[in-house]
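Below: run.txt (compact mmCIF, C-alpha atoms and all ligand atoms)
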```
# COMPACT_ATOMS: atom_id res chain seq x y z
CA MET A 291 -71.47 172.33 45.35
CA GLY A 292 -68.44 173.75 43.51
CA SER A 293 -67.80 173.46 39.78
CA VAL A 294 -68.97 170.05 38.59
CA LEU A 295 -66.58 170.22 35.62
CA ASP A 296 -63.63 170.66 38.01
CA PHE A 297 -64.86 167.74 40.05
CA LEU A 298 -65.23 165.55 36.96
CA SER A 299 -61.82 166.51 35.68
CA HIS A 300 -59.73 165.83 38.71
CA THR A 301 -58.65 162.26 38.28
CA ARG A 302 -56.30 162.14 41.23
CA GLU A 303 -58.15 159.29 42.86
CA GLY A 304 -58.19 157.24 39.64
CA PRO A 305 -61.11 156.19 37.47
CA ARG A 306 -64.60 156.63 38.85
CA HIS A 307 -68.06 155.22 38.32
CA ALA A 308 -71.42 156.80 37.60
CA ILE A 309 -74.87 155.35 37.11
CA LEU A 310 -77.31 156.41 34.43
CA ILE A 311 -80.94 156.61 35.49
CA ASP A 312 -83.51 156.66 32.71
CA PRO A 313 -86.70 158.41 33.96
CA ALA A 314 -88.70 156.55 31.30
CA ASP A 315 -87.85 153.19 32.90
CA GLN A 316 -88.61 153.75 36.59
CA THR A 317 -90.57 155.85 39.05
CA PRO A 318 -88.77 158.70 40.84
CA GLU A 319 -88.94 156.70 44.09
CA VAL A 320 -87.23 153.67 42.55
CA ALA A 321 -84.66 155.95 40.92
CA ALA A 322 -83.93 157.57 44.29
CA ASN A 323 -83.42 154.18 45.97
CA ARG A 324 -81.06 153.09 43.22
CA ALA A 325 -79.12 156.36 43.46
CA MET A 326 -78.71 155.82 47.20
CA ALA A 327 -77.44 152.29 46.66
CA ALA A 328 -74.96 153.62 44.10
CA ALA A 329 -73.78 156.35 46.46
CA HIS A 330 -73.23 153.82 49.25
CA ALA A 331 -71.33 151.58 46.82
CA GLY A 332 -68.96 154.42 45.89
CA SER A 333 -70.41 155.81 42.65
CA LYS A 334 -69.42 159.45 42.20
CA MET A 335 -72.05 160.84 39.86
CA ILE A 336 -75.67 160.22 38.91
CA LEU A 337 -76.59 160.88 35.28
CA VAL A 338 -80.29 161.28 34.48
CA GLY A 339 -81.56 160.88 30.92
CA GLY A 340 -82.47 158.52 28.11
CA SER A 341 -82.76 158.34 24.35
CA SER A 342 -86.57 158.40 24.23
CA ASP A 343 -89.74 158.93 26.28
CA THR A 344 -88.26 161.47 28.65
CA ASP A 345 -89.89 164.86 29.18
CA MET A 346 -89.66 167.83 31.54
CA GLU A 347 -92.07 166.19 33.96
CA ASN A 348 -90.49 162.77 34.46
CA VAL A 349 -86.94 164.17 34.33
CA HIS A 350 -87.65 166.87 36.92
CA ALA A 351 -89.51 164.53 39.30
CA THR A 352 -86.64 162.04 39.08
CA ILE A 353 -83.94 164.65 39.68
CA VAL A 354 -85.76 166.07 42.69
CA ALA A 355 -86.29 162.62 44.23
CA ILE A 356 -82.64 161.66 43.71
CA LYS A 357 -81.35 164.92 45.16
CA GLU A 358 -83.50 164.53 48.25
CA ALA A 359 -82.25 160.97 48.72
CA LEU A 360 -78.62 161.98 48.28
CA GLU A 361 -79.00 164.72 50.88
CA LEU A 362 -79.76 161.97 53.38
CA VAL A 363 -76.65 160.06 52.28
CA ASP A 364 -74.59 163.26 52.60
CA TRP A 365 -75.90 163.85 56.08
CA ALA A 366 -75.13 160.28 57.14
CA THR A 367 -71.64 160.49 55.60
CA SER A 368 -70.91 163.81 57.30
CA GLN A 369 -71.51 162.11 60.67
CA ASP A 370 -68.71 159.67 59.87
CA ALA A 371 -65.44 160.91 61.39
CA GLY A 372 -63.37 159.41 58.55
CA SER A 373 -65.26 161.15 55.75
CA SER A 374 -63.86 163.96 53.59
CA SER A 375 -65.73 166.65 51.66
CA GLU A 376 -64.94 164.67 48.49
CA ASP A 377 -67.09 161.81 49.80
CA LEU A 378 -70.03 164.17 50.00
CA GLN A 379 -69.96 165.38 46.44
CA ILE A 380 -72.21 163.35 44.16
CA PRO A 381 -73.53 165.61 41.44
CA VAL A 382 -76.85 164.83 39.76
CA VAL A 383 -76.27 165.61 36.11
CA LEU A 384 -78.70 165.84 33.21
CA PHE A 385 -77.81 163.63 30.26
CA PRO A 386 -80.61 164.81 28.00
CA GLN A 387 -82.03 163.47 24.75
CA GLY A 388 -82.71 167.05 23.78
CA ALA A 389 -83.99 170.43 24.86
CA ALA A 390 -87.42 169.08 25.84
CA SER A 391 -86.22 166.99 28.79
CA LEU A 392 -84.50 169.30 31.28
CA SER A 393 -84.84 170.23 34.95
CA PRO A 394 -83.71 173.38 36.78
CA SER A 395 -82.84 171.26 39.82
CA ALA A 396 -79.91 169.43 38.23
CA ASP A 397 -76.40 170.29 39.41
CA ALA A 398 -75.10 170.31 35.83
CA ILE A 399 -75.93 169.23 32.30
CA THR A 400 -73.79 167.36 29.80
CA PHE A 401 -74.02 170.06 27.14
CA MET A 402 -73.04 167.83 24.30
CA MET A 403 -72.49 167.63 20.61
CA LEU A 404 -73.18 164.22 19.11
CA MET A 405 -70.12 164.67 16.95
CA ASN A 406 -70.76 161.81 14.52
CA SER A 407 -74.44 162.54 13.99
CA THR A 408 -75.54 163.11 10.41
CA ASP A 409 -78.36 165.36 11.62
CA PRO A 410 -77.69 169.05 12.40
CA ARG A 411 -80.31 168.78 15.13
CA PHE A 412 -77.88 166.79 17.29
CA LEU A 413 -74.82 168.77 16.27
CA ILE A 414 -76.18 172.20 17.20
CA GLY A 415 -80.00 172.36 16.87
CA GLU A 416 -81.03 171.00 20.29
CA GLN A 417 -78.20 172.93 21.95
CA VAL A 418 -79.50 176.23 20.57
CA LYS A 419 -83.02 175.35 21.72
CA GLY A 420 -81.83 174.38 25.21
CA ALA A 421 -79.25 177.09 25.90
CA PRO A 422 -81.68 179.83 27.03
CA TYR A 423 -83.28 177.39 29.50
CA VAL A 424 -79.91 176.26 30.84
CA ARG A 425 -78.75 179.86 31.21
CA LYS A 426 -81.95 181.00 32.93
CA ALA A 427 -82.01 178.03 35.30
CA GLY A 428 -78.33 178.54 36.14
CA ILE A 429 -77.46 174.89 35.48
CA GLU A 430 -73.73 174.37 34.97
CA PRO A 431 -73.07 173.25 31.37
CA LEU A 432 -70.44 170.53 30.93
CA PRO A 433 -69.24 171.01 27.33
CA MET A 434 -68.85 167.50 25.97
CA GLY A 435 -68.00 165.73 22.75
CA TYR A 436 -70.21 162.63 22.43
CA LEU A 437 -69.28 159.91 19.99
CA ILE A 438 -71.34 156.79 19.30
CA CYS A 439 -69.51 153.59 18.42
CA GLU A 440 -70.84 150.29 17.12
CA PRO A 441 -73.28 148.76 17.90
CA GLY A 442 -74.76 152.12 18.93
CA GLY A 443 -78.21 150.93 20.02
CA LYS A 444 -81.12 153.31 20.32
CA ALA A 445 -78.83 156.31 20.91
CA GLY A 446 -77.17 155.62 17.57
CA GLN A 447 -80.50 155.28 15.77
CA VAL A 448 -82.21 158.26 17.36
CA GLY A 449 -79.09 160.38 16.97
CA LYS A 450 -78.59 159.27 13.34
CA ALA A 451 -74.94 158.52 14.06
CA ASP A 452 -72.42 157.44 11.49
CA LEU A 453 -71.15 154.82 13.92
CA ILE A 454 -67.46 154.36 14.70
CA ARG A 455 -66.32 150.82 13.87
CA PRO A 456 -63.94 148.91 16.18
CA GLY A 457 -60.87 149.37 13.93
CA GLU A 458 -61.33 153.10 13.38
CA THR A 459 -58.74 154.29 15.86
CA GLU A 460 -57.50 157.18 13.73
CA ARG A 461 -61.04 158.43 13.27
CA VAL A 462 -61.67 158.40 17.02
CA ALA A 463 -58.37 160.17 17.65
CA ALA A 464 -59.32 162.89 15.16
CA TYR A 465 -62.70 163.37 16.83
CA ALA A 466 -61.00 163.60 20.24
CA MET A 467 -58.58 166.21 18.92
CA ALA A 468 -61.43 168.15 17.31
CA ALA A 469 -63.37 168.02 20.59
CA GLU A 470 -60.40 169.47 22.44
CA CYS A 471 -59.87 172.13 19.77
CA LEU A 472 -63.53 173.10 20.15
CA GLY A 473 -62.95 173.64 23.87
CA PHE A 474 -64.99 170.72 25.18
CA GLY A 475 -64.14 169.60 28.69
CA MET A 476 -65.06 165.91 28.38
CA PHE A 477 -65.19 163.23 25.71
CA TYR A 478 -67.78 160.46 25.88
CA LEU A 479 -67.46 157.17 23.99
CA GLU A 480 -70.84 155.45 23.80
CA ALA A 481 -71.63 151.93 22.59
CA GLY A 482 -75.36 152.32 23.21
CA SER A 483 -77.42 151.24 26.18
CA GLY A 484 -77.62 147.46 26.42
CA ALA A 485 -74.89 147.02 23.79
CA LYS A 486 -73.78 143.44 23.30
CA ASN A 487 -70.20 144.64 22.95
CA PRO A 488 -68.86 147.64 24.86
CA VAL A 489 -66.64 150.27 23.25
CA ASN A 490 -63.55 148.58 21.84
CA ALA A 491 -60.49 149.07 24.09
CA ASN A 492 -58.34 150.21 21.14
CA LEU A 493 -60.79 153.04 20.48
CA ILE A 494 -60.60 154.14 24.12
CA LYS A 495 -56.81 154.05 23.97
CA ALA A 496 -56.77 156.06 20.75
CA ALA A 497 -58.92 158.75 22.35
CA ARG A 498 -56.78 158.69 25.51
CA ASP A 499 -53.60 159.22 23.51
CA ALA A 500 -55.15 162.01 21.45
CA CYS A 501 -56.44 164.34 24.17
CA ASP A 502 -56.13 165.40 27.81
CA MET A 503 -59.84 165.59 28.57
CA PRO A 504 -61.54 163.18 30.96
CA ILE A 505 -62.79 160.22 28.93
CA VAL A 506 -66.19 158.79 29.76
CA VAL A 507 -67.16 155.32 28.51
CA GLY A 508 -70.59 153.69 28.59
CA GLY A 509 -72.80 151.13 26.94
CA GLY A 510 -72.82 147.38 27.54
CA ILE A 511 -70.70 147.45 30.71
CA ARG A 512 -72.22 144.95 33.12
CA ASP A 513 -69.34 143.50 35.11
CA GLY A 514 -66.12 144.45 36.82
CA LYS A 515 -63.89 142.79 34.25
CA THR A 516 -65.32 144.81 31.35
CA ALA A 517 -65.16 147.99 33.40
CA HIS A 518 -61.54 147.25 34.30
CA GLN A 519 -60.63 146.71 30.62
CA ALA A 520 -62.08 150.14 29.81
CA THR A 521 -60.18 151.89 32.59
CA GLN A 522 -56.96 150.09 31.66
CA ALA A 523 -57.42 151.46 28.14
CA GLY A 524 -57.74 154.99 29.52
CA ALA A 525 -61.33 155.62 30.62
CA ASP A 526 -61.68 158.05 33.54
CA TRP A 527 -65.38 157.49 34.06
CA ILE A 528 -67.38 154.28 33.63
CA ILE A 529 -71.13 154.62 33.16
CA THR A 530 -73.60 151.82 33.80
CA GLY A 531 -77.30 152.08 33.06
CA ASN A 532 -78.96 148.72 32.49
CA LEU A 533 -76.97 147.06 35.24
CA THR A 534 -78.51 149.44 37.72
CA GLU A 535 -82.01 148.69 36.48
CA ASP A 536 -81.57 144.93 36.74
CA PHE A 537 -81.88 144.99 40.52
CA ASP A 538 -85.00 146.00 42.37
CA GLU A 539 -83.57 145.00 45.70
CA VAL A 540 -81.40 147.87 46.90
CA GLY A 541 -78.98 145.77 48.98
CA GLN A 542 -78.31 143.50 46.03
CA LEU A 543 -77.69 146.46 43.75
CA GLN A 544 -75.26 147.95 46.24
CA THR A 545 -73.33 144.67 46.40
CA VAL A 546 -73.10 144.40 42.60
CA LEU A 547 -71.99 148.02 42.20
CA THR A 548 -69.45 147.73 45.02
CA ASP A 549 -67.85 144.79 43.23
CA LEU A 550 -67.78 146.66 39.90
CA ILE A 551 -66.26 149.75 41.53
CA ASN A 552 -63.59 147.64 43.22
CA HIS A 553 -62.57 146.36 39.78
CA ILE A 554 -62.45 149.93 38.45
CA ARG A 555 -60.12 150.94 41.27
CA THR A 556 -57.70 148.03 40.90
C1 LIG A 601 -74.65 155.23 28.95
O1 LIG A 601 -75.57 153.97 27.31
C2 LIG A 601 -74.86 153.91 28.49
O2 LIG A 601 -73.66 155.73 28.13
C3 LIG A 601 -75.51 153.00 29.44
O3 LIG A 601 -75.38 151.75 28.85
O4 LIG A 601 -77.35 150.69 29.85
O5 LIG A 601 -75.63 149.35 28.64
O6 LIG A 601 -75.11 150.34 30.85
P1 LIG A 601 -75.90 150.46 29.61
```

For the file at hand, write its structure as structure tokens.
Ligand code: 1GP
Amino acid sequence: MGSVLDFLSHTREGPRHAILIDPADQTPEVAANRAMAAAHAGSKMILVGGSSDTDMENVHATIVAIKEALELVDWATSQDAGSSSEDLQIPVVLFPQGAASLSPSADAITFMMLMNSTDPRFLIGEQVKGAPYVRKAGIEPLPMGYLICEPGGKAGQVGKADLIRPGETERVAAYAMAAECLGFGMFYLEAGSGAKNPVNANLIKAARDACDMPIVVGGGIRDGKTAHQATQAGADWIITGNLTEDFDEVGQLQTVLTDLINHIRT
């Protein structure tokens, strides 16, 4: 696999979708089945992580199971005469709660600063702890500014975020500019897993207008219409977590994700 950051940044084909798998919520086998359903539906990245109860063991086992499953999907896709190499590239990316939940088998890691945290641990502390591991394991770091908006959920609480309110467009724009000035390659607007309201469209637009980085949006997105509103406002990547975990039946999950991805593309 080439550079994951290059892959994430090239937005030629329009906005894309990724699922978030939380190793604390499912066995590696279930995670692998869900990842396969997502790949068949057209998702382009699998994020693995959660805000609590993840550790080296459950994260690594989940990453390995997903990668093995995706190899089968790759093989099947490569047999299809109409496929391109782009179709084959679904990176499995760590989205860690901290330095204690990593795996050397990941294709990349969102190496992020929770920019509106009030705790130095999430601004630079965990990054310093995790960097030697990331370097030794040779995992590609994806430098990312991560900003938590209201309602924020568990990520907001655990990360001690000074949440962005829906009207704070100038504040978001300033964070996006700061992220770009710091050299980050992506900017993530988070409403918190299971959020009742997703990130406000005006906030997404403010970030879009303020920087050239790929903008990732997640939290509370459960249907195609909400996903479409986010991409219309400027999101390049839509992340869904809970939606993926709502379906145990793989065929049903694939159908739901296919519909959501169709909305993202329109
Ligand atoms: C990832 O927190 C999101 O950024 C996932 O949110 O679980 O609400 O989709 P959901």

How would you write, as a PDB file with C-alpha atoms, in the coordinates of the input, the set of residues no farther than 7 Å from ligand LIG 601 (chain A) when counting all atoms listed in the file?
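Saved the output as pocket.pdb:
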```
ATOM      1  CA  LEU A 310     -77.310 156.410  34.430  1.00  0.00           C
ATOM      2  CA  GLU A 480     -70.840 155.450  23.800  1.00  0.00           C
ATOM      3  CA  ALA A 481     -71.630 151.930  22.590  1.00  0.00           C
ATOM      4  CA  GLY A 482     -75.360 152.320  23.210  1.00  0.00           C
ATOM      5  CA  SER A 483     -77.420 151.240  26.180  1.00  0.00           C
ATOM      6  CA  GLY A 484     -77.620 147.460  26.420  1.00  0.00           C
ATOM      7  CA  ALA A 485     -74.890 147.020  23.790  1.00  0.00           C
ATOM      8  CA  VAL A 507     -67.160 155.320  28.510  1.00  0.00           C
ATOM      9  CA  GLY A 508     -70.590 153.690  28.590  1.00  0.00           C
ATOM     10  CA  GLY A 509     -72.800 151.130  26.940  1.00  0.00           C
ATOM     11  CA  GLY A 510     -72.820 147.380  27.540  1.00  0.00           C
ATOM     12  CA  ILE A 511     -70.700 147.450  30.710  1.00  0.00           C
ATOM     13  CA  ARG A 512     -72.220 144.950  33.120  1.00  0.00           C
ATOM     14  CA  ILE A 529     -71.130 154.620  33.160  1.00  0.00           C
ATOM     15  CA  THR A 530     -73.600 151.820  33.800  1.00  0.00           C
ATOM     16  CA  GLY A 531     -77.300 152.080  33.060  1.00  0.00           C
ATOM     17  CA  ASN A 532     -78.960 148.720  32.490  1.00  0.00           C
ATOM     18  CA  LEU A 533     -76.970 147.060  35.240  1.00  0.00           C
TER      19      LEU A 533
END
```

Item to complete: With a distance cut-off of 9 Å and only C-alpha atoms, select the neighbouring residues of A:Glu347, excluding the residue or stretch itself and same-chain residues fewer than 5 positions from it, and output the selection as a ChimeraX atom specification.
Response: /A:352,391-393

Practice prompt. Please check which residues have atoms at most 8 Å from (-78.2, 164.1, 37.1) in the file's coordinates, counting only C-alpha atoms, and write them as a ChimeraX atom specification.
Written response: /A:335-339,353,381-385,396-399

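For the set A:Ala328, A:Ala390, A:Leu547, A:Ala525, the residue with the smallest atom-to-atom gap to A:Lys419 is A:Ala390, counting only C-alpha atoms.
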
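From atom CA of A:Ile554 back to atom CA of A:Gly332, the distance works out to 10.9 Å.
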
Practice prompt. Write out as a count of residues only which residues come within 12 Å of A:Gly388 when counting all atoms listed in the file, dropping same-chain ones fewer than 6 positions away.
Written response: 31

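Using all atoms listed in the file, the nearest neighbour of A:Leu360 within the list A:Ile494, A:Ala322, A:Pro394, A:Ala389 is A:Ala322.
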
Response to the item:
Expressed in Å, the length from atom CA of A:Ile528 to atom CA of A:Asn552 is 12.3 Å

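Nearest to A:Gly473 of all the residues A:Asp502, A:Asp452, A:Asp538, A:Glu458 is A:Asp502, counting all atoms listed in the file.
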
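In this model, the gap between atom CA of A:Ser368 and atom CA of A:Asp549 comes to 23.9 Å.
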
Worksheet entry | For A:Asp296: contacts at 12 Å, all atoms listed in the file, fewer than 2 positions along chain excluded, given as a PyMOL selection string | chain A and resi 291-294+298-302+379+381+398+430-432+475-476+503-504

Just the selected residues (C-alpha atoms), exported as an mmCIF file, keeping the file's coordinate frame, please.
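And here is the file that came out, part_15.cif:
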```
data_model
loop_
_atom_site.group_PDB
_atom_site.id
_atom_site.type_symbol
_atom_site.label_atom_id
_atom_site.label_comp_id
_atom_site.auth_asym_id
_atom_site.auth_seq_id
_atom_site.Cartn_x
_atom_site.Cartn_y
_atom_site.Cartn_z
ATOM 1 C CA MET A 291 -71.470 172.330 45.350
ATOM 2 C CA GLY A 292 -68.440 173.750 43.510
ATOM 3 C CA SER A 293 -67.800 173.460 39.780
ATOM 4 C CA VAL A 294 -68.970 170.050 38.590
ATOM 5 C CA LEU A 298 -65.230 165.550 36.960
ATOM 6 C CA SER A 299 -61.820 166.510 35.680
ATOM 7 C CA HIS A 300 -59.730 165.830 38.710
ATOM 8 C CA THR A 301 -58.650 162.260 38.280
ATOM 9 C CA ARG A 302 -56.300 162.140 41.230
ATOM 10 C CA GLN A 379 -69.960 165.380 46.440
ATOM 11 C CA PRO A 381 -73.530 165.610 41.440
ATOM 12 C CA ALA A 398 -75.100 170.310 35.830
ATOM 13 C CA GLU A 430 -73.730 174.370 34.970
ATOM 14 C CA PRO A 431 -73.070 173.250 31.370
ATOM 15 C CA LEU A 432 -70.440 170.530 30.930
ATOM 16 C CA GLY A 475 -64.140 169.600 28.690
ATOM 17 C CA MET A 476 -65.060 165.910 28.380
ATOM 18 C CA MET A 503 -59.840 165.590 28.570
ATOM 19 C CA PRO A 504 -61.540 163.180 30.960
#
```

Discussion item. Set the distance at 9 Å and use only C-alpha atoms: which residues neighbour A:Thr545 once local chain neighbours fewer than 4 positions away are removed? I'd like the list as a ChimeraX atom specification.
Written reply: /A:327,331,540-541,549-550

Item to complete: Name the closest residue to A:Cys471 among the candidates A:Pro410, A:Met434, A:Thr459, A:Ala427; distances are taken between atoms, counting all atoms listed in the file.
Response: A:Met434

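Look at A:Glu440: the protein and nucleic acid residues within 8 Å of it, using only C-alpha atoms and passing over chain neighbours fewer than 4 places away, are Leu453, Ile454, Arg455, Pro456, Ala481, Gly482 and Val489 of chain A.
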
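Distance annotation: of A:Ala469, A:Ala517, A:Ala463, A:Ala366, the residue with the minimal separation from A:Ala500 is A:Ala463; atom set is only C-alpha atoms.
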